[in-house]
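Participant: Pasting my_file_27.cif below, which is mmCIF, C-alpha atoms.
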```cif
data_final
#
loop_
_atom_site.label_atom_id
_atom_site.label_comp_id
_atom_site.auth_asym_id
_atom_site.auth_seq_id
_atom_site.Cartn_x
_atom_site.Cartn_y
_atom_site.Cartn_z
CA MET A 1 -15.67 19.22 -6.99
CA ASN A 2 -18.70 17.07 -7.69
CA SER A 3 -21.80 19.29 -7.38
CA ALA A 4 -24.26 16.42 -6.76
CA HIS A 5 -26.31 16.42 -3.56
CA TYR A 6 -25.16 13.54 -1.35
CA ILE A 7 -27.12 11.62 1.27
CA LEU A 8 -25.50 9.30 3.81
CA ASN A 9 -28.00 6.81 5.16
CA ALA A 10 -26.98 4.30 7.84
CA THR A 11 -29.60 2.03 9.35
CA GLY A 12 -29.40 -0.41 12.26
CA LEU A 13 -25.63 -0.20 12.48
CA ALA A 14 -23.99 -2.50 14.98
CA ARG A 15 -20.44 -3.63 15.51
CA ALA A 16 -19.09 -6.22 17.92
CA PHE A 17 -15.54 -7.33 18.65
CA ASN A 18 -15.18 -10.90 19.96
CA ARG A 19 -18.98 -11.00 20.38
CA ILE A 20 -18.88 -7.99 22.73
CA PRO A 21 -21.14 -5.32 21.23
CA LEU A 22 -19.55 -1.91 20.78
CA PHE A 23 -22.73 -0.21 19.59
CA THR A 24 -26.06 -1.43 18.25
CA GLY A 25 -29.03 -0.06 16.36
CA LEU A 26 -27.52 3.21 15.13
CA ASP A 27 -29.50 5.12 12.51
CA ILE A 28 -27.76 8.08 10.91
CA THR A 29 -28.85 10.31 8.05
CA VAL A 30 -26.68 13.21 6.93
CA LYS A 31 -27.08 15.32 3.79
CA THR A 32 -24.76 17.64 1.89
CA GLY A 33 -24.44 20.87 3.86
CA GLU A 34 -24.89 19.10 7.20
CA SER A 35 -22.25 18.07 9.70
CA PHE A 36 -22.46 15.25 12.22
CA CYS A 37 -20.44 14.67 15.37
CA VAL A 38 -19.67 11.34 17.06
CA THR A 39 -18.69 11.68 20.72
CA GLY A 40 -18.19 9.25 23.57
CA PRO A 41 -15.60 7.99 26.04
CA ASN A 42 -12.41 6.21 24.96
CA GLY A 43 -13.19 2.76 23.61
CA SER A 44 -16.84 3.53 22.91
CA GLY A 45 -16.39 2.91 19.17
CA LYS A 46 -16.13 6.41 17.68
CA SER A 47 -13.26 5.50 15.33
CA THR A 48 -14.87 2.17 14.49
CA LEU A 49 -18.11 3.90 13.55
CA LEU A 50 -16.26 6.38 11.31
CA LYS A 51 -14.33 3.54 9.67
CA ILE A 52 -17.62 1.78 8.94
CA LEU A 53 -19.05 4.98 7.48
CA ALA A 54 -15.89 5.37 5.39
CA GLY A 55 -16.18 1.79 4.09
CA LEU A 56 -12.96 0.71 5.77
CA LEU A 57 -14.71 -1.78 8.07
CA SER A 58 -17.90 -3.79 7.69
CA PRO A 59 -20.63 -3.49 10.32
CA SER A 60 -21.70 -6.62 12.23
CA ALA A 61 -25.27 -5.64 11.35
CA GLY A 62 -27.01 -2.86 9.45
CA SER A 63 -26.08 -1.07 6.27
CA VAL A 64 -24.56 2.16 4.99
CA THR A 65 -25.41 3.78 1.67
CA TYR A 66 -24.22 6.92 -0.05
CA THR A 67 -26.55 8.32 -2.66
CA ALA A 68 -25.74 11.07 -5.13
CA ASP A 69 -27.48 10.83 -8.51
CA ALA A 70 -27.71 7.10 -7.74
CA VAL A 71 -26.57 4.77 -4.98
CA ILE A 72 -22.75 4.70 -5.05
CA PRO A 73 -21.24 1.20 -5.08
CA ARG A 74 -19.03 0.56 -2.03
CA ASP A 75 -15.99 -0.01 -4.26
CA GLU A 76 -16.27 3.60 -5.41
CA TRP A 77 -16.62 5.20 -1.96
CA PRO A 78 -12.93 6.12 -1.62
CA ALA A 79 -13.26 8.44 -4.63
CA HIS A 80 -16.07 10.31 -2.84
CA ILE A 81 -14.67 10.39 0.71
CA GLY A 82 -11.83 12.36 2.28
CA TYR A 83 -10.81 10.49 5.42
CA THR A 84 -8.22 11.05 8.11
CA GLY A 85 -7.68 9.67 11.57
CA PRO A 86 -5.05 8.74 14.14
CA MET A 87 -4.07 5.64 12.14
CA VAL A 88 -3.68 7.47 8.82
CA ASN A 89 0.05 8.02 8.85
CA PRO A 90 1.77 9.70 5.90
CA TYR A 91 5.21 8.46 4.83
CA ASP A 92 8.10 9.73 6.99
CA GLU A 93 10.61 9.30 4.13
CA LEU A 94 8.61 11.63 1.87
CA THR A 95 8.21 15.39 2.07
CA ALA A 96 4.82 16.97 2.77
CA ARG A 97 4.47 17.89 -0.93
CA GLU A 98 5.26 14.32 -1.99
CA ASN A 99 2.73 12.91 0.49
CA ILE A 100 0.09 15.30 -0.87
CA GLU A 101 1.03 14.38 -4.44
CA PHE A 102 0.52 10.70 -3.50
CA ALA A 103 -2.87 11.40 -1.91
CA CYS A 104 -4.03 13.56 -4.83
CA ARG A 105 -6.29 11.61 -7.20
CA ARG A 106 -6.10 11.91 -11.00
CA GLU A 107 -9.26 13.99 -11.28
CA SER A 108 -8.26 16.40 -8.49
CA ASP A 109 -6.85 19.89 -8.88
CA PRO A 110 -3.09 19.70 -8.24
CA GLY A 111 -3.07 23.37 -7.18
CA ARG A 112 -5.37 22.61 -4.25
CA GLY A 113 -2.55 20.89 -2.36
CA HIS A 114 -0.38 24.01 -2.53
CA ALA A 115 -3.29 26.20 -1.43
CA LEU A 116 -3.99 23.93 1.55
CA LEU A 117 -0.29 23.83 2.53
CA ASP A 118 -0.42 27.61 2.53
CA HIS A 119 -3.70 27.74 4.50
CA PHE A 120 -2.36 25.42 7.20
CA GLY A 121 0.95 27.28 7.45
CA LEU A 122 3.13 24.48 6.09
CA SER A 123 4.33 26.10 2.85
CA ARG A 124 7.78 26.82 4.27
CA HIS A 125 8.09 23.20 5.41
CA GLY A 126 6.62 21.59 2.28
CA ASP A 127 9.96 20.19 1.10
CA LYS A 128 10.99 18.77 4.47
CA LYS A 129 10.74 15.05 5.05
CA LEU A 130 8.01 14.16 7.53
CA LYS A 131 10.46 12.56 9.92
CA HIS A 132 11.54 16.11 10.76
CA TYR A 133 7.96 17.29 11.46
CA SER A 134 6.48 17.83 14.92
CA SER A 135 3.31 15.90 15.83
CA GLY A 136 1.22 19.07 15.38
CA MET A 137 2.65 19.67 11.89
CA LYS A 138 1.93 16.04 10.97
CA GLN A 139 -1.66 16.50 12.15
CA ARG A 140 -2.04 19.58 9.94
CA LEU A 141 -0.75 17.50 7.01
CA LYS A 142 -3.24 14.71 7.79
CA ILE A 143 -6.08 17.23 7.56
CA ILE A 144 -4.69 18.53 4.25
CA ILE A 145 -4.62 14.94 2.94
CA ALA A 146 -8.32 14.52 3.79
CA LEU A 147 -9.17 17.82 2.08
CA VAL A 148 -6.90 17.66 -0.97
CA ASN A 149 -9.27 15.80 -3.29
CA ASP A 150 -12.17 18.10 -2.42
CA ALA A 151 -14.28 14.99 -1.82
CA PRO A 152 -17.99 15.59 -1.19
CA VAL A 153 -17.88 13.57 2.05
CA LEU A 154 -15.35 14.49 4.73
CA ILE A 155 -14.71 12.08 7.61
CA LEU A 156 -12.36 13.35 10.31
CA ASP A 157 -11.43 11.19 13.28
CA GLU A 158 -10.21 13.43 16.12
CA PRO A 159 -8.89 16.11 13.73
CA GLY A 160 -7.77 18.44 16.53
CA THR A 161 -5.33 15.95 18.10
CA ASN A 162 -1.94 17.63 18.73
CA LEU A 163 -3.11 20.91 17.16
CA ASP A 164 -2.29 24.16 18.93
CA ASP A 165 -4.86 26.99 19.14
CA GLY A 166 -3.70 28.37 15.79
CA GLY A 167 -4.09 24.96 14.19
CA ASN A 168 -7.58 24.55 15.63
CA ASP A 169 -8.57 27.96 14.25
CA LEU A 170 -7.23 27.01 10.80
CA LEU A 171 -9.15 23.71 10.94
CA ALA A 172 -12.37 25.55 11.86
CA ALA A 173 -11.81 28.06 9.04
CA ALA A 174 -11.14 25.29 6.51
CA LEU A 175 -14.31 23.43 7.53
CA ASP A 176 -16.38 26.63 7.47
CA GLU A 177 -15.23 27.23 3.91
CA VAL A 178 -16.46 23.85 2.63
CA ARG A 179 -19.34 23.21 5.04
CA LYS A 180 -22.15 24.02 2.59
CA GLN A 181 -20.84 21.74 -0.18
CA LYS A 182 -20.03 18.64 1.88
CA ILE A 183 -21.21 16.05 4.35
CA ILE A 184 -18.87 16.41 7.34
CA LEU A 185 -18.52 13.66 9.96
CA ILE A 186 -16.27 14.23 12.98
CA ALA A 187 -15.38 12.00 15.91
CA THR A 188 -14.12 13.95 18.90
CA ASN A 189 -14.15 14.54 22.62
CA ASP A 190 -13.16 18.17 22.19
CA ALA A 191 -15.97 20.66 22.92
CA ARG A 192 -14.63 23.10 20.30
CA GLU A 193 -14.79 20.44 17.58
CA GLU A 194 -18.30 19.46 18.70
CA GLN A 195 -19.35 23.04 18.06
CA LEU A 196 -18.22 22.69 14.45
CA CYS A 197 -21.08 20.24 13.91
CA GLY A 198 -24.82 20.69 13.70
CA GLY A 199 -25.86 17.44 15.37
CA GLY A 200 -24.52 14.09 16.40
CA VAL A 201 -24.60 10.93 18.42
CA ARG A 202 -22.99 9.99 21.74
CA LEU A 203 -21.68 6.43 22.05
CA GLY A 204 -21.05 4.42 25.21
CA MET B 1 -21.15 10.35 -9.25
CA THR B 2 -20.60 11.68 -12.73
CA PRO B 3 -21.22 9.43 -15.73
CA ALA B 4 -17.56 9.82 -16.74
CA ARG B 5 -16.37 8.36 -13.47
CA SER B 6 -18.46 5.28 -13.78
CA SER B 7 -17.36 4.46 -17.32
CA SER B 8 -14.91 1.64 -17.77
CA ALA B 9 -12.45 3.92 -19.59
CA ALA B 10 -12.36 6.25 -16.58
CA GLY B 11 -11.89 3.20 -14.36
CA VAL B 12 -8.91 2.01 -16.39
CA TYR B 13 -7.33 5.48 -16.39
CA GLY B 14 -8.00 5.75 -12.66
CA LEU B 15 -6.35 2.36 -12.06
CA GLY B 16 -3.37 3.35 -14.20
CA SER B 17 -3.03 6.66 -12.36
CA ASP B 18 -3.20 4.91 -8.97
CA ILE B 19 -0.53 2.40 -10.03
CA ILE B 20 1.81 5.17 -11.19
CA ARG B 21 1.27 7.22 -8.00
CA ASN B 22 1.92 4.20 -5.81
CA LEU B 23 4.99 3.09 -7.78
CA ARG B 24 6.46 6.60 -7.65
CA LYS B 25 5.90 6.68 -3.90
CA ASP B 26 7.36 3.18 -3.33
CA PHE B 27 10.49 3.89 -5.38
CA ARG B 28 11.01 7.21 -3.57
CA VAL B 29 10.62 5.61 -0.14
CA GLU B 30 12.75 2.57 -0.98
CA PHE B 31 15.60 4.37 -2.68
CA ARG B 32 15.77 6.96 0.10
CA SER B 33 16.04 4.31 2.78
CA ARG B 34 17.60 1.62 0.49
CA PHE B 35 16.80 -0.78 3.34
CA ALA B 36 15.74 -3.84 1.34
CA LEU B 37 18.25 -3.37 -1.48
CA ASN B 38 21.21 -2.83 0.88
CA ILE B 39 20.45 -5.98 2.86
CA ALA B 40 19.82 -8.13 -0.22
CA VAL B 41 22.90 -6.99 -2.15
CA SER B 42 25.15 -7.19 0.93
CA PHE B 43 23.95 -10.73 1.63
CA ALA B 44 24.52 -11.78 -1.98
CA ALA B 45 28.01 -10.28 -2.14
CA ILE B 46 29.12 -11.73 1.20
CA VAL B 47 27.85 -15.25 0.47
CA THR B 48 29.23 -15.32 -3.08
CA ILE B 49 32.68 -14.13 -2.03
CA ALA B 50 32.67 -16.52 0.96
CA MET B 51 31.83 -19.45 -1.33
CA SER B 52 34.53 -18.41 -3.78
CA LEU B 53 37.17 -18.19 -1.05
CA THR B 54 36.09 -21.51 0.47
CA ALA B 55 36.28 -23.24 -2.92
CA GLY B 56 39.83 -21.91 -3.31
CA GLY B 57 39.49 -21.53 -7.06
CA ALA B 58 38.38 -25.14 -7.68
CA PRO B 59 35.57 -25.15 -10.28
CA PHE B 60 32.29 -26.83 -9.24
CA PRO B 61 30.28 -29.12 -11.57
CA ALA B 62 27.54 -27.34 -13.57
CA ALA B 63 24.70 -28.69 -11.41
CA VAL B 64 26.39 -27.58 -8.18
CA GLN B 65 27.10 -24.11 -9.60
CA SER B 66 23.44 -23.83 -10.56
CA ILE B 67 22.23 -24.94 -7.13
CA LEU B 68 24.56 -22.47 -5.41
CA LEU B 69 23.44 -19.63 -7.71
CA TRP B 70 19.77 -20.19 -6.91
CA THR B 71 20.51 -20.61 -3.18
CA VAL B 72 22.15 -17.17 -3.19
CA ILE B 73 19.30 -15.67 -5.25
CA PHE B 74 16.61 -17.25 -3.04
CA PHE B 75 17.98 -16.05 0.30
CA SER B 76 18.95 -12.61 -1.04
CA ALA B 77 15.46 -12.13 -2.45
CA MET B 78 13.80 -13.32 0.76
CA ASN B 79 15.54 -10.47 2.58
CA GLY B 80 13.86 -7.91 0.36
CA LEU B 81 10.71 -9.11 -1.37
CA SER B 82 8.50 -9.04 1.73
CA HIS B 83 9.66 -5.55 2.66
CA ILE B 84 7.31 -3.75 0.27
CA PHE B 85 4.25 -4.89 2.25
CA VAL B 86 5.78 -5.40 5.71
CA ARG B 87 7.03 -1.79 5.67
CA GLU B 88 3.47 -0.48 5.26
CA GLU B 89 2.36 -2.35 8.41
CA ASP B 90 5.56 -1.69 10.42
CA GLN B 91 5.44 2.04 9.77
CA ALA B 92 1.63 2.13 10.17
CA THR B 93 1.13 3.65 6.72
CA ALA B 94 -1.20 0.86 5.48
CA LEU B 95 -4.38 2.83 6.19
CA PHE B 96 -3.06 5.92 4.37
CA LEU B 97 -2.21 3.67 1.43
CA ARG B 98 -5.68 2.13 1.53
CA VAL B 99 -7.59 5.41 1.52
CA SER B 100 -5.36 6.91 -1.20
CA VAL B 101 -5.33 4.25 -3.95
CA THR B 102 -7.54 1.34 -4.98
CA THR B 103 -6.90 -2.17 -3.68
CA ASP B 104 -6.30 -3.54 -7.20
CA SER B 105 -3.72 -0.86 -7.90
CA ILE B 106 -1.91 -1.70 -4.64
CA PHE B 107 -1.39 -5.30 -5.74
CA ILE B 108 -0.35 -4.41 -9.29
CA SER B 109 2.08 -1.68 -8.24
CA LYS B 110 3.64 -3.80 -5.48
CA SER B 111 4.00 -6.68 -7.97
CA ILE B 112 5.74 -4.40 -10.45
CA PHE B 113 7.97 -3.07 -7.67
CA ASN B 114 8.95 -6.60 -6.62
CA GLN B 115 9.69 -7.56 -10.23
CA VAL B 116 11.94 -4.51 -10.65
CA PHE B 117 13.59 -5.20 -7.29
CA MET B 118 14.22 -8.81 -8.34
CA MET B 119 15.69 -7.75 -11.69
CA ILE B 120 18.06 -5.30 -9.97
CA LEU B 121 19.08 -8.08 -7.60
CA LEU B 122 19.70 -10.51 -10.47
CA ILE B 123 21.71 -7.92 -12.41
CA VAL B 124 23.97 -7.51 -9.35
CA ILE B 125 24.13 -11.14 -8.17
CA THR B 126 24.52 -13.04 -11.44
CA PRO B 127 27.69 -11.39 -12.85
CA LEU B 128 29.18 -11.41 -9.34
CA PHE B 129 28.50 -15.13 -9.01
CA VAL B 130 29.73 -15.95 -12.54
CA PHE B 131 32.95 -14.03 -11.90
CA PHE B 132 33.80 -15.23 -8.39
CA LEU B 133 32.83 -18.87 -8.92
CA GLN B 134 34.38 -19.02 -12.40
CA VAL B 135 31.18 -20.24 -14.02
CA ASN B 136 31.65 -21.21 -17.67
CA VAL B 137 28.40 -20.20 -19.38
CA ILE B 138 28.06 -22.07 -22.70
CA HIS B 139 24.64 -20.79 -23.85
CA ILE B 140 24.72 -17.16 -22.74
CA ALA B 141 21.29 -16.09 -24.05
CA PHE B 142 19.63 -19.17 -22.57
CA PHE B 143 21.41 -18.58 -19.26
CA ILE B 144 20.09 -15.01 -19.12
CA LEU B 145 16.60 -16.23 -20.05
CA SER B 146 16.69 -18.93 -17.35
CA VAL B 147 17.84 -16.57 -14.61
CA ALA B 148 15.32 -13.89 -15.64
CA ALA B 149 12.41 -16.39 -15.87
CA GLY B 150 13.27 -17.86 -12.47
CA GLY B 151 13.49 -14.39 -10.94
CA ILE B 152 10.16 -13.34 -12.43
CA ALA B 153 8.54 -16.52 -11.06
CA ILE B 154 9.96 -15.98 -7.55
CA ALA B 155 8.80 -12.34 -7.46
CA ALA B 156 5.35 -13.29 -8.81
CA ALA B 157 4.82 -16.07 -6.27
CA THR B 158 6.05 -14.14 -3.25
CA THR B 159 4.10 -10.88 -3.66
CA ILE B 160 0.83 -12.28 -2.26
CA LEU B 161 2.79 -14.15 0.45
CA ALA B 162 4.40 -10.85 1.46
CA ALA B 163 0.93 -9.30 1.85
CA MET B 164 -0.18 -12.25 4.02
CA VAL B 165 2.93 -12.02 6.21
CA ALA B 166 2.47 -8.25 6.59
CA LYS B 167 -1.17 -8.66 7.64
CA ALA B 168 -0.18 -11.43 10.07
CA GLY B 169 2.29 -9.02 11.69
CA GLY B 170 5.14 -11.33 10.70
CA LYS B 171 8.75 -10.47 9.99
CA GLY B 172 11.27 -11.75 7.45
CA SER B 173 11.79 -15.20 8.94
CA LEU B 174 8.10 -16.10 8.65
CA PHE B 175 8.15 -14.96 5.03
CA THR B 176 11.11 -17.22 4.19
CA ILE B 177 9.48 -20.21 5.88
CA ILE B 178 6.06 -19.92 4.23
CA SER B 179 7.60 -19.05 0.86
CA PHE B 180 9.81 -22.14 0.70
CA PRO B 181 7.16 -24.78 -0.13
CA VAL B 182 5.61 -22.47 -2.75
CA LEU B 183 8.99 -21.67 -4.29
CA LEU B 184 10.34 -25.23 -4.24
CA PRO B 185 9.01 -26.15 -7.72
CA ILE B 186 10.21 -22.81 -9.09
CA LEU B 187 13.69 -23.35 -7.67
CA TRP B 188 13.74 -26.92 -8.98
CA VAL B 189 12.89 -25.88 -12.53
CA SER B 190 15.16 -22.81 -12.40
CA ILE B 191 18.12 -24.94 -11.29
CA ASN B 192 17.49 -27.44 -14.13
CA SER B 193 17.13 -24.63 -16.63
CA THR B 194 20.31 -22.86 -15.53
CA THR B 195 22.24 -26.14 -15.50
CA GLY B 196 21.20 -26.64 -19.14
CA ALA B 197 22.85 -23.32 -20.01
CA LEU B 198 26.15 -24.48 -18.49
CA ARG B 199 26.36 -27.75 -20.45
CA GLN B 200 27.46 -28.36 -24.02
CA THR B 201 24.20 -30.05 -25.13
CA ALA B 202 21.46 -27.88 -26.61
CA PRO B 203 19.16 -26.69 -23.81
CA SER B 204 15.41 -27.33 -23.74
CA TYR B 205 13.16 -24.27 -23.66
CA ASP B 206 10.48 -26.17 -21.70
CA ASN B 207 11.83 -24.99 -18.35
CA PRO B 208 11.85 -21.20 -18.95
CA VAL B 209 8.49 -21.44 -20.71
CA PHE B 210 7.09 -23.26 -17.67
CA LEU B 211 8.51 -20.59 -15.34
CA LEU B 212 6.98 -17.75 -17.35
CA ALA B 213 3.61 -19.53 -17.64
CA PHE B 214 3.66 -20.25 -13.91
CA SER B 215 4.40 -16.57 -13.23
CA GLY B 216 1.39 -15.50 -15.28
CA PHE B 217 -0.88 -18.05 -13.64
CA ILE B 218 0.13 -17.25 -10.06
CA SER B 219 -0.05 -13.49 -10.71
CA VAL B 220 -3.66 -13.79 -11.88
CA ILE B 221 -4.65 -16.01 -8.92
CA SER B 222 -2.88 -13.66 -6.50
CA PHE B 223 -4.62 -10.62 -8.00
CA LEU B 224 -8.01 -12.30 -7.50
CA LEU B 225 -7.19 -13.28 -3.90
CA PHE B 226 -5.48 -10.05 -2.84
CA ARG B 227 -8.67 -8.24 -1.88
CA SER B 228 -9.53 -10.84 0.77
CA VAL B 229 -5.97 -10.74 2.14
CA TRP B 230 -5.57 -6.96 2.27
CA LEU B 231 -8.95 -5.65 3.34
CA GLU B 232 -10.00 -5.83 6.97
CA ASP B 233 -13.54 -6.80 7.68
#
```
Kindly return the structure encoded in the file as C-alpha cells.
Facilitator:
Amino acid sequence: MNSAHYILNATGLARAFNRIPLFTGLDITVKTGESFCVTGPNGSGKSTLLKILAGLLSPSAGSVTYTADAVIPRDEWPAHIGYTGPMVNPYDELTARENIEFACRRESDPGRGHALLDHFGLSRHGDKKLKHYSSGMKQRLKIIIALVNDAPVLILDEPGTNLDDGGNDLLAAALDEVRKQKIILIATNDAREEQLCGGGVRLG
Amino acid sequence: MTPARSSSAAGVYGLGSDIIRNLRKDFRVEFRSRFALNIAVSFAAIVTIAMSLTAGGAPFPAAVQSILLWTVIFFSAMNGLSHIFVREEDQATALFLRVSVTTDSIFISKSIFNQVFMMILLIVITPLFVFFLQVNVIHIAFFILSVAAGGIAIAAATTILAAMVAKAGGKGSLFTIISFPVLLPILWVSINSTTGALRQTAPSYDNPVFLLAFSGFISVISFLLFRSVWLED
C-alpha cells in the first residue's frame, strides 16, 4: 500500500438536482488515520455526497482535492480510492474470485483477494457464480471489492446493508485493521456503523 | 502518489492492464451467457436459409447478392453490437465497471470486443450465405478483404453509438434506428466493394481502403468523445 499521508479537503460543496438543492456549503477535511461518517434521512444526499468525494459525480459548487505528496489529479483518483455502494453491482455471470480478479488493479497484491475472501467467510463459495449468492453474501463481496486494492482512501456507502451480525462484526474487524493507514468515509443510518467513525456530518 | 505511478510508462502499462482485465471479463460474461452471439447467429442462419428457399435455387445477379449479404450482416450485427454496453446498464454493473478500470480502457476494450464479435459473425455468416445462395466468388481474396473491411467499419462506427444508447436507457431497436444513417455510407461502399469481387473485371482497391481509413478515423473521434458520453456529471 502507498505509505503517503493523505488529506481530503472539500470546501463549499453543494449539489442540486433540477435546481432543488440537496446540500450546500459543506466543508470536510479528513486525514489518513481518521474516519468520517455521513448520516441523514433517505434522500438527504448521503450517496450523492460520497459519489462526489469519490469523483464519480461533479458538485454543483465547491471543490474536492486529495493531497498526498502533491495534489492528485482527478483522473487518477480511482487508483487511490476503494469505493463500494448499493449501485456497485458485481457481475452475476462471474464467480466471486473472477469478480475480485477484475477489480484487482495491476499494482495490487493478488493474494489480498484470497485473504479477504477468507476473512469475510466466502472462501468456500469463491468459485460459485454470483447469481447463486444471497444478498448478504453479495454485500460481503462488495466490501471485499472496495478493500482489495488496499487503496489509501476507503469510501463505503451503507456497507452494512443486508449483513447479518456476523457480517457486521467482520466488517468492523476489517476496518479496525486498516483504520490507521487510511481515510475512511462511510454513509449510513446504522448506529453501529456510525460508531466505527470518529466524526461526521448529518445531512437533511 | 508515487513517482512511478505518474510516469507515462506506468500509465501505458496501467491502461494495457485495464484493457486486458476488462476484455477477459467481457469474454467470460458473454461466452457464459452467449446472449448476443446466439441471437445474431440464429438471425443470420434463419434469414439466409429463408432467402435461399424463397429463391428456389435461382441465382441472383452479383449486385443483388451483395445487397442481400450486407442486409443480413447489418441486421445480425445490430442484434449484438449494442449488447456490450447495454448489458452494463441493464444489469446495473456500469458503476462497478467505472470504479474498476479507466474510462479510456473501457472504450478500447469494448471496441476490441465488438471487432472480435463482428469477425466471429462474419466467419459464420459469409460461408453460410455463399453456400446457400450459390454465390460465385471470382476474386476470393478481394471478397474476403471487402467483407472484413466492411465489418471492421460497422463495428468501429457502432461502438460509440452503443454507449450512447446504453446511457439513454435504450434497447436494441433504438440502436438500429440511430445506427442506420451513420452506417449508410459504410453499407454503400461495402456493397460496391463486394459486388466488385463477384464480377469478372479487376476490382478497385479504393473501396476497402476507404472502409479501413474510415474505421480508423471514426475510432479516433469516438475515443475522444467517449468520456463525455460515459461519465455522469
Participant: For the PyMOL selection byres ((chain B) within 6 of (chain A)), applied here, can you spell out every residue it catches as an MDAnalysis selection string?
Facilitator: chainID B and resid 21 29 93 95:96 100 233
Participant: Any chance you can output those residues with C-alpha atoms as a JSON list (two decimals), keeping the file's coordinate frame?
Facilitator:
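Output file part.json is given in full below:
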```
[["chain", "number", "residue", "atom", "x", "y", "z"],
["B", 21, "ARG", "CA", 1.27, 7.22, -8.00],
["B", 29, "VAL", "CA", 10.62, 5.61, -0.14],
["B", 93, "THR", "CA", 1.13, 3.65, 6.72],
["B", 95, "LEU", "CA", -4.38, 2.83, 6.19],
["B", 96, "PHE", "CA", -3.06, 5.92, 4.37],
["B", 100, "SER", "CA", -5.36, 6.91, -1.20],
["B", 233, "ASP", "CA", -13.54, -6.80, 7.68]]
```
Participant: Report the residues retrieved by the PyMOL selection byres ((chain B and resi 167) around 10) from the displayed file, expressed as number ranges by chain.
Facilitator: B: 85-86, 88-89, 94, 161-166, 168-170, 229-232
Participant: Which residues are near stretch 35-46 of chain B? Cut-off 10 Å, all atoms listed in the file, ignore same chain within fewer than 2 positions. Put them as a count of residues only.
Facilitator: 37
Participant: May I have the residues within 7 Å of stretch 140-152 of chain B as a list in words, using only C-alpha atoms and disregarding those fewer than 6 positions away in the same chain?
Facilitator: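 Once the nearby chain positions are removed, what remains is Gln115, Met118, Ile186, Ser190, Ser193, Thr194, Ala197, Pro208, Leu211, Leu212 and Ser215 of chain B.
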Participant: Within 9 Å of stretch 164-175 of chain A, counting all atoms listed in the file, which residues qualify if same-chain residues fewer than 6 places away don't, as a list of chain:residue names?
Facilitator: A:Leu116, A:His119, A:Phe120, A:Gly121, A:Gly136, A:Met137, A:Arg140, A:Ile143, A:Leu147, A:Ile184, A:Arg192, A:Glu193, A:Leu196
Participant: Please evaluate the PyMOL selection byres ((chain B and resi 18) around 9) against the structure above and give the resulting residues as a list of chain:residue names.
Facilitator: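 Here the PyMOL selection byres ((chain B and resi 18) around 9) matches A:Phe102, A:Arg105, A:Arg106, B:Tyr13, B:Gly14, B:Leu15, B:Gly16, B:Ser17, B:Ile19, B:Ile20, B:Arg21, B:Asn22, B:Leu23, B:Ser100, B:Val101, B:Thr102, B:Ser105, B:Ile106, B:Ser109.
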Participant: Leaving out B:Pro185 and any residue of its chain fewer than 5 positions from it, which residues lie within 12 Å of it when counting only C-alpha atoms, given as a tab-separated table (two decimals) with C-alpha atoms, keeping the file's coordinate frame?
Facilitator:
```
chain	number	residue	atom	x	y	z
B	150	GLY	CA	13.27	-17.86	-12.47
B	153	ALA	CA	8.54	-16.52	-11.06
B	154	ILE	CA	9.96	-15.98	-7.55
B	157	ALA	CA	4.82	-16.07	-6.27
B	179	SER	CA	7.60	-19.05	0.86
B	180	PHE	CA	9.81	-22.14	0.70
B	190	SER	CA	15.16	-22.81	-12.40
B	191	ILE	CA	18.12	-24.94	-11.29
B	192	ASN	CA	17.49	-27.44	-14.13
B	207	ASN	CA	11.83	-24.99	-18.35
B	210	PHE	CA	7.09	-23.26	-17.67
B	211	LEU	CA	8.51	-20.59	-15.34
B	214	PHE	CA	3.66	-20.25	-13.91
B	215	SER	CA	4.40	-16.57	-13.23
```
Participant: Using Å and a single decimal, report how far atom CA of A:Ser108 sits from atom CA of A:Arg124.
Facilitator: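 Between atom CA of A:Arg124 and atom CA of A:Ser108 the gap is 23.0 Å.
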Participant: Skip A:Lys180 itself and residues of its chain fewer than 3 positions away, then list as a list in words all residues within 10 Å of it, counting all atoms listed in the file.
Facilitator: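 The residues satisfying every condition are Thr32, Gly33, Glu34, Ser35, Leu175, Asp176, Glu177, Ile183 and Ile184 of chain A.
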Participant: Between A:Arg19, A:Arg97, A:Lys31, A:Lys46, which is the closest to A:Thr65 once you count all atoms listed in the file?
Facilitator: A:Lys31
Participant: Hey, can I get the axis-aligned box for stretch 88-99 of chain A? All listed atoms, 6 Å padding on each side, centre and edge lengths in Å to one decimal, as JSON.
Facilitator:
```
{"center_x": 3.5, "center_y": 12.7, "center_z": 3.4, "size_x": 26.3, "size_y": 22.4, "size_z": 22.8}
```
Participant: Quick one: distance from atom CA of B:Lys110 to atom CA of B:Ala156 in Å, one decimal?
Facilitator: 10.2 Å
